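Worksheet: the structure to be examined is printed underneath.
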Amino acid sequence: MRFEFASLALLASLLVAHAAPIAHDEIVSKTAEGLHLLSLAEDEDPVWKTEDEKLELLRQGVQFFDVTYTYELEQDSLRCLTIICSVPSPSHQTAVNAILDTLSISNMQTYLSGLTAFNNRYYTTTTGAQASDYILNTVSDIISGRSDMSVSLYKHSWAQSSIILKIAGSAASTPVTIIGAHMDSINLNNPTSGRAPGADDDGTGTVNLLEALRALVAADYKPAKPVEFHWYSGEEAGLLGSQAIATAYSRAGVDVYAFMEMDMSGYFAPGTEEVFALEADYIDAGLNAFLGKLIDEYAAFGWTMDIPCGYACSDHASWYKVGYPTTFPYEAVTGDDDPYIHSASDTTSVTGFSWTHSLEFAKIVAAFAYELAPPA
């Protein structure tokens, strides 16, 4: 196992290079004024921006962490980055393939129809909160009768909650394997009231988790070590929900064995090669290698490395930032991915959207959970 520790000298140099930590009173007063504290790059101090300035950054394609609600907590949760060096190979093919054979495009279509029926799923809106309740109720129905499984809303200071599904380990309470997606959507022209079906971003990742969970439950899956499925609020506004949860887990000392993000799985540009594109930054190299093995074993098409997705590009970055091992399979190599996101046109009817493509990602969700947390 390889560790990356910051020496005391390095930490001291960092403290010299950066401004003093932002005071609590400043955070309270600025937040009350409606300002947002944004981290725009790893080597820069966060800056205060108005709501309009924040939205303009989003429209310009600038990625950032909105650390308004986690900045103070993160100051107390510095972790050492850990790299998984012993990568397992898939070894439960008979059981996993039996589960994968039960995955259903029809079920994913039904789940997605419920999500896209909301005008938008923006994190501050009533419909965004209603979408959280929709996922909560759907998961509750899926796990009905399983005393080892529980689901709950993870409340935030904004309207939309995140959702956490927990599967208890039959033999151990730690470490936990986590798979996440974000359930919010955005129309960049009009975030609060504009139409944002978010079918691909990230409706597909959301329903991949739902259908994989349904298939695992139907197979009476009982992992020896715990597994969690997360659906995050506020990803489109600066990874808000995933930051809150990852920071809370870090502060509580939760031992996370592996985290995988599922953000968009339904599109690849017509005429391009159908692949899983493995993200190249803010990931754990060992876990990426394991993911490649999973795809080779269980998926209908292969994988390639994507170009770096950049700072704060999706929820895996929230977990990586606090020191947990992460991986992220994307729907296509950047440039061949969905050009219709963040608008009213993010639907399943666009040329290039493929349910059979998305189904392969649902397979990887189920396989990831089973292979990293098999039954006793």
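Just so we're on the same page: first chain in the structure tokens is A, next is B, and so on; residues restart at 1 for each chain, and ligands are numbered from 1 in the order they show up.
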Output as a tab-separated table one row per residue of stretch 142-195 of chain A within 10 Å of stretch 340-350 of chain A: the closest atom pair and its distance in Å to one decimal place, counting only C-alpha atoms, sorted by chain and residue number ascending.
residue	atom	partner	partner_atom	distance
A:Ser185	CA	A:His342	CA	7.1
A:Ile186	CA	A:His342	CA	5.2
A:Asn187	CA	A:Ser343	CA	4.6
A:Leu188	CA	A:His342	CA	5.8
A:Asn189	CA	A:Ser343	CA	7.6
A:Asn190	CA	A:Ser343	CA	9.1
A:Pro191	CA	A:His342	CA	9.0
A:Gly194	CA	A:Ala344	CA	7.6
A:Arg195	CA	A:Ala344	CA	5.1
To test your reading of the structure, identify every residue in stretch 197-375 of chain A that backbone DSSP assigns to alpha helix (DSSP H), and report it as a compact mmCIF listing (two decimals) with all heavy atoms, in the first residue's frame.
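Ended up saving to states.txt:
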# COMPACT_ATOMS: atom_id res chain seq x y z
N GLY A 205 -26.97 7.86 -14.77
CA GLY A 205 -26.23 7.33 -13.63
C GLY A 205 -27.16 7.00 -12.47
O GLY A 205 -26.99 5.98 -11.79
N THR A 206 -28.16 7.85 -12.26
CA THR A 206 -29.12 7.62 -11.19
C THR A 206 -29.86 6.31 -11.38
O THR A 206 -30.00 5.51 -10.44
CB THR A 206 -30.11 8.80 -11.12
OG1 THR A 206 -29.41 9.98 -10.72
CG2 THR A 206 -31.22 8.53 -10.13
N VAL A 207 -30.34 6.06 -12.59
CA VAL A 207 -31.11 4.83 -12.81
C VAL A 207 -30.21 3.61 -12.95
O VAL A 207 -30.65 2.48 -12.69
CB VAL A 207 -32.07 4.96 -14.02
CG1 VAL A 207 -32.99 6.16 -13.83
CG2 VAL A 207 -31.32 5.06 -15.34
N ASN A 208 -28.95 3.79 -13.34
CA ASN A 208 -28.00 2.67 -13.28
C ASN A 208 -27.91 2.12 -11.86
O ASN A 208 -27.94 0.90 -11.64
CB ASN A 208 -26.62 3.10 -13.73
CG ASN A 208 -26.48 3.38 -15.21
OD1 ASN A 208 -25.58 4.11 -15.63
ND2 ASN A 208 -27.36 2.83 -16.03
N LEU A 209 -27.81 3.03 -10.89
CA LEU A 209 -27.75 2.60 -9.49
C LEU A 209 -29.05 1.94 -9.06
O LEU A 209 -29.04 0.91 -8.36
CB LEU A 209 -27.43 3.79 -8.59
CG LEU A 209 -25.95 4.03 -8.25
CD1 LEU A 209 -25.14 4.38 -9.51
CD2 LEU A 209 -25.79 5.12 -7.21
N LEU A 210 -30.18 2.52 -9.44
CA LEU A 210 -31.46 1.95 -9.04
C LEU A 210 -31.64 0.54 -9.58
O LEU A 210 -32.05 -0.38 -8.85
CB LEU A 210 -32.61 2.84 -9.52
CG LEU A 210 -32.77 4.19 -8.83
CD1 LEU A 210 -33.82 5.03 -9.56
CD2 LEU A 210 -33.16 4.02 -7.36
N GLU A 211 -31.33 0.34 -10.85
CA GLU A 211 -31.53 -0.97 -11.44
C GLU A 211 -30.52 -1.99 -10.94
O GLU A 211 -30.87 -3.16 -10.72
CB GLU A 211 -31.49 -0.88 -12.97
CG GLU A 211 -31.68 -2.20 -13.70
CD GLU A 211 -32.97 -2.94 -13.38
OE1 GLU A 211 -33.84 -2.40 -12.66
OE2 GLU A 211 -33.10 -4.08 -13.86
N ALA A 212 -29.28 -1.59 -10.73
CA ALA A 212 -28.29 -2.49 -10.15
C ALA A 212 -28.71 -2.91 -8.75
O ALA A 212 -28.60 -4.09 -8.37
CB ALA A 212 -26.92 -1.84 -10.13
N LEU A 213 -29.20 -1.95 -7.96
CA LEU A 213 -29.68 -2.26 -6.62
C LEU A 213 -30.84 -3.25 -6.69
O LEU A 213 -30.88 -4.24 -5.93
CB LEU A 213 -30.12 -0.99 -5.91
CG LEU A 213 -30.78 -1.19 -4.54
CD1 LEU A 213 -29.80 -1.80 -3.55
CD2 LEU A 213 -31.33 0.15 -4.02
N ARG A 214 -31.80 -3.01 -7.57
CA ARG A 214 -32.95 -3.93 -7.70
C ARG A 214 -32.48 -5.34 -8.01
O ARG A 214 -32.96 -6.33 -7.41
CB ARG A 214 -33.89 -3.44 -8.80
CG ARG A 214 -35.17 -4.27 -8.93
CD ARG A 214 -35.72 -4.24 -10.32
NE ARG A 214 -34.78 -4.76 -11.31
CZ ARG A 214 -34.53 -6.06 -11.51
NH1 ARG A 214 -35.13 -6.99 -10.77
NH2 ARG A 214 -33.65 -6.43 -12.43
N ALA A 215 -31.53 -5.48 -8.93
CA ALA A 215 -31.04 -6.80 -9.31
C ALA A 215 -30.30 -7.48 -8.16
O ALA A 215 -30.44 -8.70 -7.95
CB ALA A 215 -30.14 -6.68 -10.54
N LEU A 216 -29.51 -6.72 -7.41
CA LEU A 216 -28.80 -7.29 -6.27
C LEU A 216 -29.77 -7.75 -5.19
O LEU A 216 -29.60 -8.84 -4.61
CB LEU A 216 -27.83 -6.26 -5.70
CG LEU A 216 -26.60 -5.93 -6.57
CD1 LEU A 216 -25.91 -4.67 -6.07
CD2 LEU A 216 -25.61 -7.10 -6.59
N VAL A 217 -30.79 -6.96 -4.93
CA VAL A 217 -31.79 -7.34 -3.93
C VAL A 217 -32.54 -8.59 -4.38
O VAL A 217 -32.77 -9.52 -3.58
CB VAL A 217 -32.77 -6.18 -3.67
CG1 VAL A 217 -33.94 -6.64 -2.80
CG2 VAL A 217 -32.05 -5.01 -3.01
N ALA A 218 -32.91 -8.64 -5.64
CA ALA A 218 -33.63 -9.80 -6.17
C ALA A 218 -32.80 -11.07 -6.07
O ALA A 218 -33.35 -12.18 -5.94
CB ALA A 218 -34.04 -9.54 -7.62
N LEU A 240 -22.00 20.08 -4.19
CA LEU A 240 -22.42 20.43 -2.83
C LEU A 240 -22.75 19.21 -1.98
O LEU A 240 -22.25 19.06 -0.86
CB LEU A 240 -23.62 21.38 -2.88
CG LEU A 240 -23.32 22.80 -3.36
CD1 LEU A 240 -24.61 23.54 -3.70
CD2 LEU A 240 -22.53 23.56 -2.30
N GLY A 241 -23.63 18.35 -2.47
CA GLY A 241 -24.06 17.21 -1.67
C GLY A 241 -22.94 16.23 -1.39
O GLY A 241 -22.77 15.77 -0.24
N SER A 242 -22.18 15.88 -2.41
CA SER A 242 -21.10 14.91 -2.21
C SER A 242 -20.02 15.47 -1.29
O SER A 242 -19.43 14.72 -0.49
CB SER A 242 -20.50 14.48 -3.54
OG SER A 242 -19.94 15.58 -4.25
N GLN A 243 -19.73 16.77 -1.39
CA GLN A 243 -18.76 17.36 -0.47
C GLN A 243 -19.21 17.24 0.98
O GLN A 243 -18.43 16.90 1.86
CB GLN A 243 -18.56 18.84 -0.79
CG GLN A 243 -17.62 19.14 -1.93
CD GLN A 243 -17.30 20.62 -1.94
OE1 GLN A 243 -16.29 21.05 -1.41
NE2 GLN A 243 -18.16 21.40 -2.57
N ALA A 244 -20.49 17.54 1.21
CA ALA A 244 -21.01 17.48 2.58
C ALA A 244 -20.88 16.07 3.15
O ALA A 244 -20.46 15.89 4.30
CB ALA A 244 -22.47 17.93 2.59
N ILE A 245 -21.22 15.07 2.35
CA ILE A 245 -21.19 13.69 2.84
C ILE A 245 -19.77 13.18 2.96
O ILE A 245 -19.40 12.56 3.98
CB ILE A 245 -22.05 12.80 1.92
CG1 ILE A 245 -23.52 13.24 2.00
CG2 ILE A 245 -21.91 11.33 2.32
CD1 ILE A 245 -24.42 12.58 0.98
N ALA A 246 -18.93 13.41 1.95
CA ALA A 246 -17.55 12.94 2.02
C ALA A 246 -16.81 13.57 3.19
O ALA A 246 -16.04 12.89 3.90
CB ALA A 246 -16.84 13.25 0.70
N THR A 247 -17.03 14.86 3.42
CA THR A 247 -16.38 15.53 4.54
C THR A 247 -16.87 14.97 5.86
O THR A 247 -16.08 14.75 6.79
CB THR A 247 -16.64 17.05 4.48
OG1 THR A 247 -16.14 17.56 3.24
CG2 THR A 247 -15.96 17.76 5.63
N ALA A 248 -18.17 14.70 5.95
CA ALA A 248 -18.72 14.12 7.18
C ALA A 248 -18.14 12.73 7.45
O ALA A 248 -17.80 12.39 8.58
CB ALA A 248 -20.25 14.04 7.08
N TYR A 249 -18.01 11.92 6.40
CA TYR A 249 -17.43 10.59 6.56
C TYR A 249 -15.97 10.69 6.99
O TYR A 249 -15.51 9.93 7.86
CB TYR A 249 -17.54 9.80 5.26
CG TYR A 249 -18.88 9.13 5.04
CD1 TYR A 249 -20.09 9.77 5.35
CD2 TYR A 249 -18.96 7.86 4.50
CE1 TYR A 249 -21.31 9.16 5.14
CE2 TYR A 249 -20.18 7.22 4.29
CZ TYR A 249 -21.35 7.88 4.60
OH TYR A 249 -22.56 7.26 4.39
N SER A 250 -15.25 11.62 6.41
CA SER A 250 -13.85 11.79 6.77
C SER A 250 -13.70 12.21 8.23
O SER A 250 -12.87 11.66 8.97
CB SER A 250 -13.20 12.83 5.85
OG SER A 250 -11.87 13.10 6.22
N ARG A 251 -14.50 13.16 8.65
CA ARG A 251 -14.43 13.64 10.03
C ARG A 251 -14.82 12.55 11.03
O ARG A 251 -14.29 12.50 12.14
CB ARG A 251 -15.34 14.84 10.22
CG ARG A 251 -14.80 16.13 9.61
CD ARG A 251 -15.83 17.25 9.64
NE ARG A 251 -16.30 17.55 10.98
CZ ARG A 251 -15.69 18.34 11.85
NH1 ARG A 251 -14.53 18.90 11.53
NH2 ARG A 251 -16.21 18.56 13.04
N ALA A 252 -15.74 11.67 10.61
CA ALA A 252 -16.17 10.58 11.48
C ALA A 252 -15.23 9.38 11.44
O ALA A 252 -15.42 8.41 12.17
CB ALA A 252 -17.58 10.13 11.08
N ALA A 285 -5.18 5.09 -8.96
CA ALA A 285 -4.67 4.29 -10.07
C ALA A 285 -4.97 2.81 -9.90
O ALA A 285 -5.32 2.12 -10.87
CB ALA A 285 -3.16 4.52 -10.21
N GLY A 286 -4.85 2.31 -8.69
CA GLY A 286 -5.15 0.91 -8.45
C GLY A 286 -6.60 0.58 -8.66
O GLY A 286 -6.95 -0.46 -9.24
N LEU A 287 -7.47 1.47 -8.22
CA LEU A 287 -8.91 1.24 -8.38
C LEU A 287 -9.31 1.35 -9.85
O LEU A 287 -10.19 0.63 -10.33
CB LEU A 287 -9.69 2.23 -7.53
CG LEU A 287 -11.16 1.89 -7.25
CD1 LEU A 287 -11.30 0.52 -6.62
CD2 LEU A 287 -11.78 2.95 -6.34
N ASN A 288 -8.67 2.25 -10.58
CA ASN A 288 -8.91 2.34 -12.02
C ASN A 288 -8.51 1.03 -12.72
O ASN A 288 -9.19 0.56 -13.63
CB ASN A 288 -8.14 3.50 -12.63
CG ASN A 288 -9.03 4.62 -13.11
OD1 ASN A 288 -10.18 4.73 -12.69
ND2 ASN A 288 -8.52 5.46 -13.98
N ALA A 289 -7.38 0.46 -12.29
CA ALA A 289 -6.95 -0.81 -12.88
C ALA A 289 -7.96 -1.91 -12.60
O ALA A 289 -8.27 -2.74 -13.47
CB ALA A 289 -5.58 -1.19 -12.33
N PHE A 290 -8.49 -1.94 -11.38
CA PHE A 290 -9.53 -2.91 -11.04
C PHE A 290 -10.77 -2.70 -11.91
O PHE A 290 -11.38 -3.67 -12.41
CB PHE A 290 -9.89 -2.79 -9.56
CG PHE A 290 -11.12 -3.56 -9.18
CD1 PHE A 290 -11.09 -4.93 -9.08
CD2 PHE A 290 -12.32 -2.89 -8.93
CE1 PHE A 290 -12.23 -5.64 -8.74
CE2 PHE A 290 -13.46 -3.60 -8.59
CZ PHE A 290 -13.42 -4.97 -8.49
N LEU A 291 -11.16 -1.44 -12.10
CA LEU A 291 -12.32 -1.15 -12.93
C LEU A 291 -12.12 -1.66 -14.35
O LEU A 291 -13.04 -2.21 -14.96
CB LEU A 291 -12.60 0.35 -12.93
CG LEU A 291 -13.75 0.85 -13.79
CD1 LEU A 291 -15.07 0.20 -13.38
CD2 LEU A 291 -13.87 2.37 -13.71
N GLY A 292 -10.93 -1.47 -14.89
CA GLY A 292 -10.64 -1.99 -16.22
C GLY A 292 -10.82 -3.50 -16.29
O GLY A 292 -11.36 -4.04 -17.26
N LYS A 293 -10.39 -4.20 -15.24
CA LYS A 293 -10.57 -5.65 -15.20
C LYS A 293 -12.05 -6.02 -15.16
O LYS A 293 -12.48 -6.99 -15.79
CB LYS A 293 -9.85 -6.24 -13.98
CG LYS A 293 -8.34 -6.16 -14.05
CD LYS A 293 -7.71 -6.77 -12.81
CE LYS A 293 -6.19 -6.70 -12.86
NZ LYS A 293 -5.57 -7.33 -11.66
N LEU A 294 -12.83 -5.27 -14.40
CA LEU A 294 -14.28 -5.52 -14.34
C LEU A 294 -14.91 -5.39 -15.72
O LEU A 294 -15.74 -6.21 -16.13
CB LEU A 294 -14.95 -4.53 -13.39
CG LEU A 294 -15.07 -4.82 -11.91
CD1 LEU A 294 -16.02 -3.82 -11.28
CD2 LEU A 294 -15.54 -6.24 -11.65
N ILE A 295 -14.55 -4.31 -16.41
CA ILE A 295 -15.11 -4.07 -17.74
C ILE A 295 -14.70 -5.19 -18.70
O ILE A 295 -15.53 -5.70 -19.46
CB ILE A 295 -14.65 -2.69 -18.25
CG1 ILE A 295 -15.27 -1.58 -17.39
CG2 ILE A 295 -15.02 -2.50 -19.72
CD1 ILE A 295 -14.66 -0.21 -17.61
N ASP A 296 -13.44 -5.59 -18.66
CA ASP A 296 -12.98 -6.68 -19.51
C ASP A 296 -13.78 -7.96 -19.25
O ASP A 296 -14.08 -8.72 -20.18
CB ASP A 296 -11.50 -6.96 -19.26
CG ASP A 296 -10.59 -5.85 -19.77
OD1 ASP A 296 -11.02 -5.07 -20.63
OD2 ASP A 296 -9.44 -5.78 -19.29
N GLU A 297 -14.11 -8.18 -18.01
CA GLU A 297 -14.79 -9.43 -17.63
C GLU A 297 -16.29 -9.41 -17.90
O GLU A 297 -16.86 -10.41 -18.36
CB GLU A 297 -14.56 -9.70 -16.14
CG GLU A 297 -15.14 -11.02 -15.65
CD GLU A 297 -14.45 -12.23 -16.25
OE1 GLU A 297 -13.21 -12.20 -16.37
OE2 GLU A 297 -15.15 -13.19 -16.61
N TYR A 298 -16.94 -8.27 -17.68
CA TYR A 298 -18.41 -8.28 -17.63
C TYR A 298 -19.12 -7.41 -18.67
O TYR A 298 -20.33 -7.54 -18.83
CB TYR A 298 -18.87 -7.83 -16.23
CG TYR A 298 -18.49 -8.80 -15.14
CD1 TYR A 298 -17.63 -8.41 -14.10
CD2 TYR A 298 -18.97 -10.10 -15.13
CE1 TYR A 298 -17.28 -9.29 -13.09
CE2 TYR A 298 -18.63 -11.00 -14.12
CZ TYR A 298 -17.78 -10.58 -13.11
OH TYR A 298 -17.44 -11.45 -12.10
N HIS A 316 -16.81 12.31 -7.70
CA HIS A 316 -15.65 11.55 -7.24
C HIS A 316 -14.59 12.47 -6.66
O HIS A 316 -13.84 12.08 -5.75
CB HIS A 316 -15.07 10.72 -8.39
CG HIS A 316 -14.47 11.53 -9.48
ND1 HIS A 316 -15.20 12.40 -10.27
CD2 HIS A 316 -13.18 11.63 -9.91
CE1 HIS A 316 -14.40 12.98 -11.12
NE2 HIS A 316 -13.17 12.53 -10.93
N ALA A 317 -14.52 13.70 -7.17
CA ALA A 317 -13.50 14.64 -6.70
C ALA A 317 -13.71 15.00 -5.23
O ALA A 317 -12.75 15.29 -4.52
CB ALA A 317 -13.50 15.89 -7.57
N SER A 318 -14.96 15.01 -4.77
CA SER A 318 -15.23 15.30 -3.36
C SER A 318 -14.62 14.24 -2.46
O SER A 318 -14.09 14.55 -1.39
CB SER A 318 -16.75 15.37 -3.13
OG SER A 318 -17.33 16.43 -3.84
N TRP A 319 -14.71 12.98 -2.88
CA TRP A 319 -14.16 11.89 -2.08
C TRP A 319 -12.64 11.85 -2.18
O TRP A 319 -11.95 11.59 -1.19
CB TRP A 319 -14.79 10.56 -2.52
CG TRP A 319 -16.25 10.53 -2.21
CD1 TRP A 319 -17.28 10.96 -3.00
CD2 TRP A 319 -16.84 10.10 -0.98
NE1 TRP A 319 -18.48 10.82 -2.34
CE2 TRP A 319 -18.24 10.28 -1.10
CE3 TRP A 319 -16.34 9.56 0.19
CZ2 TRP A 319 -19.13 9.95 -0.08
CZ3 TRP A 319 -17.21 9.22 1.22
CH2 TRP A 319 -18.59 9.42 1.07
N TYR A 320 -12.13 12.10 -3.36
CA TYR A 320 -10.67 12.14 -3.55
C TYR A 320 -10.06 13.25 -2.71
O TYR A 320 -8.98 13.07 -2.12
CB TYR A 320 -10.35 12.35 -5.03
CG TYR A 320 -8.89 12.28 -5.36
CD1 TYR A 320 -8.27 11.07 -5.67
CD2 TYR A 320 -8.10 13.43 -5.37
CE1 TYR A 320 -6.92 11.00 -5.97
CE2 TYR A 320 -6.75 13.38 -5.68
CZ TYR A 320 -6.16 12.16 -5.97
OH TYR A 320 -4.82 12.10 -6.27
N LYS A 321 -10.75 14.37 -2.64
CA LYS A 321 -10.22 15.54 -1.92
C LYS A 321 -9.98 15.24 -0.44
O LYS A 321 -9.05 15.79 0.16
CB LYS A 321 -11.18 16.71 -2.08
CG LYS A 321 -10.72 18.00 -1.39
CD LYS A 321 -11.56 19.20 -1.78
CE LYS A 321 -12.97 19.11 -1.27
NZ LYS A 321 -13.67 20.43 -1.33
N TRP A 355 -29.80 3.19 -24.94
CA TRP A 355 -30.11 2.46 -23.71
C TRP A 355 -29.23 1.22 -23.56
O TRP A 355 -28.88 0.83 -22.44
CB TRP A 355 -31.58 2.08 -23.68
CG TRP A 355 -32.46 3.17 -23.15
CD1 TRP A 355 -33.40 3.89 -23.84
CD2 TRP A 355 -32.49 3.66 -21.80
NE1 TRP A 355 -34.00 4.80 -23.00
CE2 TRP A 355 -33.47 4.68 -21.76
CE3 TRP A 355 -31.79 3.35 -20.64
CZ2 TRP A 355 -33.76 5.39 -20.59
CZ3 TRP A 355 -32.07 4.04 -19.47
CH2 TRP A 355 -33.04 5.06 -19.45
N THR A 356 -28.89 0.57 -24.67
CA THR A 356 -28.02 -0.60 -24.55
C THR A 356 -26.63 -0.19 -24.05
O THR A 356 -25.97 -0.96 -23.33
CB THR A 356 -27.91 -1.35 -25.89
OG1 THR A 356 -27.41 -0.46 -26.90
CG2 THR A 356 -29.27 -1.89 -26.32
N HIS A 357 -26.19 0.99 -24.42
CA HIS A 357 -24.93 1.52 -23.92
C HIS A 357 -25.01 1.73 -22.41
O HIS A 357 -24.14 1.28 -21.65
CB HIS A 357 -24.63 2.84 -24.63
CG HIS A 357 -23.30 3.44 -24.30
ND1 HIS A 357 -22.11 2.93 -24.77
CD2 HIS A 357 -22.97 4.54 -23.56
CE1 HIS A 357 -21.10 3.68 -24.33
NE2 HIS A 357 -21.60 4.66 -23.59
N SER A 358 -26.06 2.37 -21.95
CA SER A 358 -26.22 2.64 -20.53
C SER A 358 -26.35 1.36 -19.72
O SER A 358 -25.87 1.29 -18.57
CB SER A 358 -27.46 3.53 -20.30
OG SER A 358 -27.58 3.89 -18.95
N LEU A 359 -26.98 0.34 -20.29
CA LEU A 359 -27.14 -0.93 -19.59
C LEU A 359 -25.78 -1.51 -19.18
O LEU A 359 -25.66 -2.12 -18.10
CB LEU A 359 -27.88 -1.93 -20.47
CG LEU A 359 -28.11 -3.32 -19.86
CD1 LEU A 359 -29.03 -3.24 -18.65
CD2 LEU A 359 -28.69 -4.27 -20.92
N GLU A 360 -24.76 -1.33 -20.01
CA GLU A 360 -23.45 -1.87 -19.68
C GLU A 360 -22.88 -1.20 -18.42
O GLU A 360 -22.15 -1.83 -17.65
CB GLU A 360 -22.49 -1.70 -20.86
CG GLU A 360 -22.91 -2.45 -22.11
CD GLU A 360 -23.11 -3.94 -21.86
OE1 GLU A 360 -22.21 -4.57 -21.26
OE2 GLU A 360 -24.17 -4.47 -22.25
N PHE A 361 -23.22 0.05 -18.20
CA PHE A 361 -22.76 0.74 -17.00
C PHE A 361 -23.50 0.22 -15.76
O PHE A 361 -22.90 0.12 -14.68
CB PHE A 361 -22.95 2.25 -17.15
CG PHE A 361 -21.95 2.89 -18.08
CD1 PHE A 361 -22.06 2.74 -19.46
CD2 PHE A 361 -20.89 3.62 -17.59
CE1 PHE A 361 -21.15 3.32 -20.32
CE2 PHE A 361 -19.95 4.20 -18.44
CZ PHE A 361 -20.08 4.05 -19.81
N ALA A 362 -24.78 -0.11 -15.92
CA ALA A 362 -25.50 -0.72 -14.80
C ALA A 362 -24.87 -2.05 -14.43
O ALA A 362 -24.80 -2.42 -13.24
CB ALA A 362 -26.97 -0.91 -15.19
N LYS A 363 -24.39 -2.79 -15.43
CA LYS A 363 -23.70 -4.05 -15.15
C LYS A 363 -22.46 -3.81 -14.29
O LYS A 363 -22.19 -4.56 -13.34
CB LYS A 363 -23.28 -4.73 -16.46
CG LYS A 363 -24.41 -5.28 -17.30
CD LYS A 363 -23.86 -5.93 -18.57
CE LYS A 363 -24.96 -6.47 -19.46
NZ LYS A 363 -24.41 -7.08 -20.70
N ILE A 364 -21.73 -2.76 -14.61
CA ILE A 364 -20.50 -2.48 -13.86
C ILE A 364 -20.82 -2.04 -12.43
O ILE A 364 -20.06 -2.34 -11.50
CB ILE A 364 -19.65 -1.43 -14.61
CG1 ILE A 364 -19.18 -2.00 -15.94
CG2 ILE A 364 -18.47 -0.98 -13.77
CD1 ILE A 364 -18.45 -3.34 -15.85
N VAL A 365 -21.94 -1.35 -12.24
CA VAL A 365 -22.34 -0.99 -10.87
C VAL A 365 -22.55 -2.25 -10.04
O VAL A 365 -22.01 -2.39 -8.93
CB VAL A 365 -23.62 -0.13 -10.88
CG1 VAL A 365 -24.13 0.07 -9.45
CG2 VAL A 365 -23.36 1.21 -11.54
N ALA A 366 -23.34 -3.18 -10.57
CA ALA A 366 -23.62 -4.41 -9.82
C ALA A 366 -22.34 -5.23 -9.61
O ALA A 366 -22.11 -5.76 -8.51
CB ALA A 366 -24.66 -5.24 -10.58
N ALA A 367 -21.51 -5.32 -10.64
CA ALA A 367 -20.28 -6.10 -10.52
C ALA A 367 -19.30 -5.47 -9.54
O ALA A 367 -18.62 -6.17 -8.77
CB ALA A 367 -19.63 -6.24 -11.90
N PHE A 368 -19.21 -4.15 -9.55
CA PHE A 368 -18.32 -3.42 -8.64
C PHE A 368 -18.70 -3.73 -7.19
O PHE A 368 -17.84 -4.04 -6.35
CB PHE A 368 -18.42 -1.93 -8.92
CG PHE A 368 -17.42 -1.05 -8.23
CD1 PHE A 368 -16.18 -0.81 -8.80
CD2 PHE A 368 -17.73 -0.44 -7.02
CE1 PHE A 368 -15.25 0.03 -8.17
CE2 PHE A 368 -16.82 0.40 -6.39
CZ PHE A 368 -15.57 0.63 -6.96
N ALA A 369 -19.99 -3.64 -6.88
CA ALA A 369 -20.45 -3.91 -5.52
C ALA A 369 -20.16 -5.36 -5.12
O ALA A 369 -19.61 -5.63 -4.04
CB ALA A 369 -21.95 -3.63 -5.42
N TYR A 370 -20.50 -6.30 -6.00
CA TYR A 370 -20.37 -7.72 -5.65
C TYR A 370 -18.90 -8.14 -5.53
O TYR A 370 -18.52 -8.85 -4.58
CB TYR A 370 -21.07 -8.59 -6.70
CG TYR A 370 -21.38 -9.98 -6.21
CD1 TYR A 370 -22.69 -10.32 -5.86
CD2 TYR A 370 -20.40 -10.95 -6.11
CE1 TYR A 370 -22.99 -11.59 -5.39
CE2 TYR A 370 -20.70 -12.22 -5.65
CZ TYR A 370 -21.99 -12.54 -5.29
OH TYR A 370 -22.28 -13.81 -4.83
N GLU A 371 -18.07 -7.72 -6.46
CA GLU A 371 -16.67 -8.16 -6.45
C GLU A 371 -15.87 -7.53 -5.30
O GLU A 371 -14.97 -8.18 -4.75
CB GLU A 371 -16.00 -7.85 -7.78
CG GLU A 371 -16.49 -8.70 -8.94
CD GLU A 371 -15.93 -10.12 -8.93
OE1 GLU A 371 -15.17 -10.45 -8.00
OE2 GLU A 371 -16.26 -10.89 -9.85
N LEU A 372 -16.17 -6.30 -4.94
CA LEU A 372 -15.45 -5.66 -3.84
C LEU A 372 -16.04 -5.98 -2.48
O LEU A 372 -15.35 -5.87 -1.46
CB LEU A 372 -15.39 -4.14 -4.04
CG LEU A 372 -14.45 -3.66 -5.15
CD1 LEU A 372 -14.44 -2.14 -5.21
CD2 LEU A 372 -13.03 -4.19 -4.96
Quick one: pull the distance between atom CA of A:Pro270 and atom CA of A:Glu331, Å, one decimal.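 About the pair atom CA of A:Pro270 and atom CA of A:Glu331: they are 13.0 Å apart.
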Which residues, written as a list in words, have at least one atom at most 8 Å from A:Ser354, with only C-alpha atoms counted and residues fewer than 5 positions away on the same chain left out? Gly266, Tyr267, Phe268 and Thr348 of chain A
As an NGL selection string, please: every residue in stretch 53-252 of chain A that DSSP puts in strand (DSSP E or B). :A and (65-66 or 81-83 or 149-154 or 162-167 or 176-182 or 223 or 227-232)
Excluding A:Tyr330 and residues on its chain fewer than 3 positions from it, collect all residues at most 10 Å away from it, counting only C-alpha atoms, and give them as a PyMOL selection string. chain A and resi 205+261-267+275-279+303+305-306+327+333-334+337+361
Contact residues around stretch 42-53 of chain A with only C-alpha atoms at 9 Å, ignoring same-chain residues under 4 positions, as a list in words: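 Residues near the query, excluding close chain neighbours: His18, Ala19, Lys30, Glu33, Gly34, Leu35, His36, Leu37, Leu38, Leu57, Leu58, Asp66, Val67, Thr68 and Tyr311 of chain A.
Considering the residues A:Ile167, A:Ile105, A:Ala300, A:Ala376 and counting only C-alpha atoms, A:Ala224 has its shortest atom-to-atom contact with A:Ala376.
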Using only C-alpha atoms, can you tell me which of A:Gly198, A:Pro88, A:Gly145, A:Gly234 comes closest to A:Ala129?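 Under the stated criterion, the closest residue is A:Gly234.
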Nearby residues (only C-alpha atoms) at most 7 Å from A:Thr177, same-chain spacing under 2 positions excluded, as a list in words: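 Answer for this query is Pro175, Ile179, Pro226, Val227, Glu228, Val256, Tyr257, Ala258, Phe259 and Ala369 of chain A.
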So, with only C-alpha atoms as the atoms that count, which of A:Ala332, A:Ala131, A:Ile27, A:Leu73 lies closest to A:Gly203?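 Checking each of A:Ala332, A:Ala131, A:Ile27, A:Leu73 against A:Gly203, counting only C-alpha atoms, the winner is A:Ala131.
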